[in-house]
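> Sharing query34.cif below, mmCIF, N, CA and C atoms:
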data_protein
#
loop_
_atom_site.label_atom_id
_atom_site.label_comp_id
_atom_site.auth_asym_id
_atom_site.auth_seq_id
_atom_site.Cartn_x
_atom_site.Cartn_y
_atom_site.Cartn_z
N MET J 1 -41.04 43.38 9.68
CA MET J 1 -40.54 44.39 10.59
C MET J 1 -41.13 45.73 10.17
N HIS J 2 -41.63 46.46 11.12
CA HIS J 2 -42.17 47.79 10.83
C HIS J 2 -41.04 48.70 10.36
N SER J 3 -41.35 49.63 9.50
CA SER J 3 -40.35 50.50 8.89
C SER J 3 -39.46 51.20 9.92
N ASP J 4 -40.06 51.71 11.00
CA ASP J 4 -39.26 52.38 12.02
C ASP J 4 -38.24 51.41 12.61
N GLY J 5 -38.67 50.17 12.87
CA GLY J 5 -37.76 49.16 13.40
C GLY J 5 -36.66 48.83 12.43
N PHE J 6 -37.02 48.70 11.18
CA PHE J 6 -36.03 48.40 10.15
C PHE J 6 -35.00 49.52 10.06
N LEU J 7 -35.47 50.75 10.03
CA LEU J 7 -34.54 51.89 9.93
C LEU J 7 -33.63 51.98 11.15
N ALA J 8 -34.16 51.61 12.32
CA ALA J 8 -33.34 51.62 13.53
C ALA J 8 -32.27 50.54 13.46
N VAL J 9 -32.63 49.35 12.99
CA VAL J 9 -31.64 48.28 12.82
C VAL J 9 -30.60 48.71 11.80
N LEU J 10 -31.03 49.30 10.72
CA LEU J 10 -30.12 49.79 9.68
C LEU J 10 -29.14 50.81 10.28
N ALA J 11 -29.65 51.71 11.10
CA ALA J 11 -28.78 52.71 11.75
C ALA J 11 -27.77 52.04 12.66
N ARG J 12 -28.20 51.02 13.42
CA ARG J 12 -27.26 50.32 14.30
C ARG J 12 -26.23 49.53 13.49
N LEU J 13 -26.64 48.95 12.37
CA LEU J 13 -25.68 48.27 11.50
C LEU J 13 -24.62 49.26 11.01
N LYS J 14 -25.04 50.46 10.68
CA LYS J 14 -24.10 51.48 10.23
C LYS J 14 -23.15 51.89 11.36
N ILE J 15 -23.64 51.94 12.58
CA ILE J 15 -22.77 52.26 13.72
C ILE J 15 -21.70 51.19 13.87
N VAL J 16 -22.13 49.94 13.86
CA VAL J 16 -21.20 48.82 14.06
C VAL J 16 -20.15 48.77 12.96
N THR J 17 -20.56 49.01 11.72
CA THR J 17 -19.64 48.90 10.59
C THR J 17 -18.93 50.22 10.28
N LYS J 18 -19.33 51.28 10.98
CA LYS J 18 -18.79 52.63 10.74
C LYS J 18 -19.04 53.07 9.29
N ALA J 19 -20.18 52.64 8.76
CA ALA J 19 -20.56 52.98 7.39
C ALA J 19 -21.42 54.25 7.39
N ALA J 20 -21.05 55.20 6.58
CA ALA J 20 -21.80 56.46 6.51
C ALA J 20 -22.94 56.39 5.49
N THR J 21 -22.82 55.48 4.55
CA THR J 21 -23.82 55.40 3.48
C THR J 21 -24.33 53.97 3.35
N ASP J 22 -25.43 53.83 2.63
CA ASP J 22 -25.96 52.49 2.35
C ASP J 22 -24.98 51.68 1.52
N THR J 23 -24.31 52.33 0.60
CA THR J 23 -23.33 51.64 -0.25
C THR J 23 -22.17 51.10 0.59
N ALA J 24 -21.69 51.91 1.52
CA ALA J 24 -20.61 51.48 2.41
C ALA J 24 -21.10 50.35 3.32
N LEU J 25 -22.34 50.43 3.77
CA LEU J 25 -22.90 49.37 4.61
C LEU J 25 -22.98 48.06 3.83
N ALA J 26 -23.47 48.13 2.61
CA ALA J 26 -23.57 46.93 1.78
C ALA J 26 -22.19 46.29 1.61
N LYS J 27 -21.19 47.10 1.36
CA LYS J 27 -19.82 46.59 1.20
C LYS J 27 -19.35 45.93 2.49
N ALA J 28 -19.61 46.57 3.63
CA ALA J 28 -19.20 46.02 4.92
C ALA J 28 -19.91 44.71 5.23
N LEU J 29 -21.14 44.57 4.77
CA LEU J 29 -21.91 43.35 5.01
C LEU J 29 -21.60 42.26 3.98
N GLY J 30 -20.86 42.63 2.94
CA GLY J 30 -20.53 41.67 1.90
C GLY J 30 -21.68 41.36 0.96
N ILE J 31 -22.55 42.35 0.79
CA ILE J 31 -23.69 42.21 -0.12
C ILE J 31 -23.65 43.34 -1.14
N SER J 32 -24.39 43.20 -2.19
CA SER J 32 -24.42 44.25 -3.20
C SER J 32 -25.35 45.38 -2.73
N PRO J 33 -25.11 46.58 -3.22
CA PRO J 33 -26.03 47.68 -2.90
C PRO J 33 -27.46 47.37 -3.34
N GLN J 34 -27.61 46.62 -4.42
CA GLN J 34 -28.94 46.24 -4.89
C GLN J 34 -29.64 45.32 -3.89
N THR J 35 -28.88 44.42 -3.28
CA THR J 35 -29.44 43.52 -2.26
C THR J 35 -29.91 44.33 -1.06
N LEU J 36 -29.11 45.30 -0.63
CA LEU J 36 -29.51 46.15 0.49
C LEU J 36 -30.74 46.96 0.12
N SER J 37 -30.77 47.47 -1.09
CA SER J 37 -31.92 48.23 -1.55
C SER J 37 -33.18 47.36 -1.56
N SER J 38 -33.04 46.13 -1.99
CA SER J 38 -34.18 45.20 -1.98
C SER J 38 -34.65 44.94 -0.55
N SER J 39 -33.70 44.82 0.37
CA SER J 39 -34.05 44.63 1.77
C SER J 39 -34.83 45.82 2.29
N LYS J 40 -34.43 47.01 1.88
CA LYS J 40 -35.15 48.22 2.32
C LYS J 40 -36.57 48.24 1.77
N ILE J 41 -36.72 47.82 0.54
CA ILE J 41 -38.06 47.78 -0.07
C ILE J 41 -38.94 46.77 0.67
N ARG J 42 -38.35 45.61 1.01
CA ARG J 42 -39.10 44.57 1.73
C ARG J 42 -39.22 44.89 3.22
N ASP J 43 -38.48 45.90 3.69
CA ASP J 43 -38.50 46.26 5.11
C ASP J 43 -37.94 45.13 5.97
N SER J 44 -36.88 44.47 5.47
CA SER J 44 -36.36 43.31 6.17
C SER J 44 -34.89 43.09 5.87
N ILE J 45 -34.10 43.01 6.93
CA ILE J 45 -32.68 42.65 6.80
C ILE J 45 -32.57 41.16 7.08
N PRO J 46 -31.84 40.41 6.27
CA PRO J 46 -31.69 38.99 6.56
C PRO J 46 -31.08 38.75 7.95
N TYR J 47 -31.78 37.94 8.74
CA TYR J 47 -31.36 37.65 10.10
C TYR J 47 -29.94 37.09 10.13
N ALA J 48 -29.60 36.24 9.16
CA ALA J 48 -28.27 35.63 9.13
C ALA J 48 -27.16 36.68 9.04
N LEU J 49 -27.40 37.77 8.32
CA LEU J 49 -26.40 38.84 8.23
C LEU J 49 -26.19 39.49 9.60
N CYS J 50 -27.29 39.70 10.31
CA CYS J 50 -27.20 40.31 11.64
C CYS J 50 -26.45 39.40 12.61
N VAL J 51 -26.75 38.11 12.56
CA VAL J 51 -26.08 37.14 13.44
C VAL J 51 -24.58 37.11 13.14
N ALA J 52 -24.24 37.03 11.86
CA ALA J 52 -22.83 36.97 11.47
C ALA J 52 -22.08 38.23 11.89
N LEU J 53 -22.69 39.38 11.68
CA LEU J 53 -22.04 40.63 12.05
C LEU J 53 -21.87 40.72 13.57
N ALA J 54 -22.87 40.32 14.31
CA ALA J 54 -22.79 40.34 15.77
C ALA J 54 -21.65 39.46 16.26
N ARG J 55 -21.52 38.29 15.68
CA ARG J 55 -20.42 37.38 16.06
C ARG J 55 -19.06 37.97 15.72
N GLU J 56 -18.94 38.48 14.49
CA GLU J 56 -17.66 39.01 14.02
C GLU J 56 -17.19 40.21 14.84
N ARG J 57 -18.14 41.06 15.21
CA ARG J 57 -17.78 42.32 15.87
C ARG J 57 -17.96 42.30 17.38
N GLY J 58 -18.41 41.18 17.94
CA GLY J 58 -18.60 41.09 19.39
C GLY J 58 -19.73 41.97 19.89
N VAL J 59 -20.74 42.14 19.05
CA VAL J 59 -21.88 43.00 19.36
C VAL J 59 -23.04 42.14 19.86
N SER J 60 -23.79 42.66 20.79
CA SER J 60 -24.96 41.97 21.29
C SER J 60 -26.03 41.93 20.20
N LEU J 61 -26.53 40.75 19.91
CA LEU J 61 -27.60 40.61 18.91
C LEU J 61 -28.87 41.29 19.41
N ASP J 62 -29.12 41.23 20.71
CA ASP J 62 -30.28 41.94 21.28
C ASP J 62 -30.20 43.43 20.97
N TRP J 63 -29.03 44.01 21.21
CA TRP J 63 -28.87 45.44 20.94
C TRP J 63 -29.03 45.73 19.45
N LEU J 64 -28.41 44.90 18.64
CA LEU J 64 -28.45 45.12 17.19
C LEU J 64 -29.89 45.10 16.66
N LEU J 65 -30.68 44.16 17.14
CA LEU J 65 -32.03 44.00 16.62
C LEU J 65 -33.08 44.86 17.32
N THR J 66 -32.86 45.14 18.61
CA THR J 66 -33.89 45.87 19.36
C THR J 66 -33.44 47.21 19.91
N GLY J 67 -32.13 47.40 19.99
CA GLY J 67 -31.61 48.63 20.58
C GLY J 67 -31.57 48.59 22.09
N GLU J 68 -31.91 47.44 22.68
CA GLU J 68 -31.95 47.32 24.13
C GLU J 68 -30.68 46.64 24.66
N GLY J 69 -30.29 47.04 25.85
CA GLY J 69 -29.12 46.45 26.48
C GLY J 69 -27.82 47.07 25.97
N PRO J 70 -26.71 46.53 26.45
CA PRO J 70 -25.41 47.07 26.04
C PRO J 70 -25.09 46.67 24.59
N MET J 71 -24.34 47.52 23.93
CA MET J 71 -23.97 47.26 22.54
C MET J 71 -23.02 46.06 22.43
N LEU J 72 -22.07 45.99 23.32
CA LEU J 72 -21.06 44.93 23.23
C LEU J 72 -21.42 43.75 24.14
N ARG J 73 -21.03 42.55 23.70
CA ARG J 73 -21.26 41.36 24.51
C ARG J 73 -20.27 41.32 25.64
#
Would you mind writing the file's structure down as structure tokens?

Amino acid sequence: MHSDGFLAVLARLKIVTKAATDTALAKALGISPQTLSSSKIRDSIPYALCVALARERGVSLDWLLTGEGPMLR
């Protein structure tokens, strides 16, 4: 994923979880801050985390990953 795309997904994850910081986002996702930091270095969020969060929060996976369409399913 290109860095701009990754940062956009990260921003949408923060919106969904109401996390203001990366540390708060990691906690909301149930991962360690180090895991999130590694994801940032690799420029990749695990797809399974996005799918699980979308299901739990009733969020459109399309919106979460691409920013297109309505936020909620």
> Counting only C-alpha atoms, which of J:Leu64, J:Val51, J:Gly58, J:Gln34 gets nearest to Lys14 of chain J?
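Between J:Leu64, J:Val51, J:Gly58, J:Gln34, the residue approaching Lys14 of chain J most closely is J:Leu64.
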> Just checking: using only N, CA and C atoms, which residue out of J:Arg73, J:Ile41, J:Ala24, J:Ala19 ends up closest to Arg57 of chain J?
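The closest residue to Arg57 of chain J is J:Arg73.
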> Please, what distance in Å, to one decimal, runs between atom CA of Leu10 of chain J and atom CA of Gly30 of chain J?
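Answer for the atom CA of Leu10 of chain J to atom CA of Gly30 of chain J separation: 14.8 Å.
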> Which polymer residues have any atom within 12 Å of an atom of Cys50 of chain J, counting only C-alpha atoms, with same-chain residues fewer than 6 positions away left out, as a count of residues only?
22
> Measure the distance from atom CA of Gly67 of chain J to atom CA of Ala54 of chain J in Å and round it to one decimal.
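Pair atom CA of Gly67 of chain J / atom CA of Ala54 of chain J returns 13.0 Å.
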> What's the separation between atom CA of Thr23 of chain J and atom CA of Gly69 of chain J, in Å to one decimal place?
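Answer for the atom CA of Thr23 of chain J to atom CA of Gly69 of chain J separation: 27.8 Å.
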> Output as a PyMOL selection string all residues of chain J that backbone DSSP marks as alpha helix (DSSP H).
chain J and resi 3-17+22-29+33-42+47-57+61-66
> Just checking: using only C-alpha atoms, which residue out of J:Met71, J:Ala48, J:Ile15, J:Asp22 ends up closest to Leu36 of chain J?
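Closest candidate: J:Asp22.
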> Starting from the incomplete input, reconstruct all heavy atoms of segment 40-51 of chain J and report them as a compact mmCIF listing (two decimals), keeping the file's coordinate frame.

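Result file part13.txt:
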# COMPACT_ATOMS: atom_id res chain seq x y z
N LYS J 40 -34.43 47.01 1.88
CA LYS J 40 -35.15 48.22 2.32
C LYS J 40 -36.57 48.24 1.77
O LYS J 40 -37.51 48.60 2.48
CB LYS J 40 -34.39 49.48 1.88
CG LYS J 40 -33.11 49.70 2.68
CD LYS J 40 -32.32 50.86 2.17
CE LYS J 40 -32.87 52.16 2.71
NZ LYS J 40 -32.02 53.30 2.38
N ILE J 41 -36.72 47.82 0.54
CA ILE J 41 -38.06 47.78 -0.07
C ILE J 41 -38.94 46.77 0.67
O ILE J 41 -40.11 47.03 0.93
CB ILE J 41 -37.97 47.44 -1.57
CG1 ILE J 41 -37.35 48.63 -2.33
CG2 ILE J 41 -39.33 47.09 -2.15
CD1 ILE J 41 -36.94 48.32 -3.75
N ARG J 42 -38.35 45.61 1.01
CA ARG J 42 -39.10 44.57 1.73
C ARG J 42 -39.22 44.89 3.22
O ARG J 42 -39.93 44.21 3.94
CB ARG J 42 -38.40 43.21 1.58
CG ARG J 42 -38.54 42.59 0.22
CD ARG J 42 -38.01 41.16 0.19
NE ARG J 42 -36.80 40.93 0.96
CZ ARG J 42 -35.56 41.08 0.50
NH1 ARG J 42 -35.35 41.46 -0.74
NH2 ARG J 42 -34.52 40.83 1.26
N ASP J 43 -38.48 45.90 3.69
CA ASP J 43 -38.50 46.26 5.11
C ASP J 43 -37.94 45.13 5.97
O ASP J 43 -38.45 44.86 7.06
CB ASP J 43 -39.94 46.59 5.54
CG ASP J 43 -40.05 47.88 6.30
OD1 ASP J 43 -39.12 48.69 6.24
OD2 ASP J 43 -41.08 48.07 6.96
N SER J 44 -36.88 44.47 5.47
CA SER J 44 -36.36 43.31 6.17
C SER J 44 -34.89 43.09 5.87
O SER J 44 -34.50 43.00 4.71
CB SER J 44 -37.15 42.07 5.75
OG SER J 44 -36.61 40.92 6.32
N ILE J 45 -34.10 43.01 6.93
CA ILE J 45 -32.68 42.65 6.80
C ILE J 45 -32.57 41.16 7.08
O ILE J 45 -33.16 40.68 8.05
CB ILE J 45 -31.82 43.43 7.83
CG1 ILE J 45 -31.68 44.88 7.43
CG2 ILE J 45 -30.46 42.81 8.01
CD1 ILE J 45 -30.62 45.16 6.40
N PRO J 46 -31.84 40.41 6.27
CA PRO J 46 -31.69 38.99 6.56
C PRO J 46 -31.08 38.75 7.95
O PRO J 46 -30.04 39.31 8.30
CB PRO J 46 -30.74 38.49 5.47
CG PRO J 46 -30.93 39.46 4.35
CD PRO J 46 -31.19 40.79 5.02
N TYR J 47 -31.78 37.94 8.74
CA TYR J 47 -31.36 37.65 10.10
C TYR J 47 -29.94 37.09 10.13
O TYR J 47 -29.14 37.44 11.00
CB TYR J 47 -32.35 36.66 10.72
CG TYR J 47 -32.10 36.34 12.16
CD1 TYR J 47 -32.32 37.29 13.16
CD2 TYR J 47 -31.65 35.07 12.53
CE1 TYR J 47 -32.09 36.98 14.48
CE2 TYR J 47 -31.42 34.77 13.85
CZ TYR J 47 -31.64 35.72 14.83
OH TYR J 47 -31.41 35.43 16.15
N ALA J 48 -29.60 36.24 9.16
CA ALA J 48 -28.27 35.63 9.13
C ALA J 48 -27.16 36.68 9.04
O ALA J 48 -26.09 36.51 9.63
CB ALA J 48 -28.17 34.65 7.97
N LEU J 49 -27.40 37.77 8.32
CA LEU J 49 -26.40 38.84 8.23
C LEU J 49 -26.19 39.49 9.60
O LEU J 49 -25.06 39.79 9.99
CB LEU J 49 -26.84 39.91 7.23
CG LEU J 49 -26.68 39.58 5.75
CD1 LEU J 49 -27.25 40.70 4.90
CD2 LEU J 49 -25.24 39.34 5.41
N CYS J 50 -27.29 39.70 10.31
CA CYS J 50 -27.20 40.31 11.64
C CYS J 50 -26.45 39.40 12.61
O CYS J 50 -25.59 39.86 13.37
CB CYS J 50 -28.60 40.62 12.18
SG CYS J 50 -29.45 41.90 11.25
N VAL J 51 -26.75 38.11 12.56
CA VAL J 51 -26.08 37.14 13.44
C VAL J 51 -24.58 37.11 13.14
O VAL J 51 -23.75 37.16 14.04
CB VAL J 51 -26.71 35.74 13.30
CG1 VAL J 51 -25.88 34.69 14.03
CG2 VAL J 51 -28.14 35.75 13.82
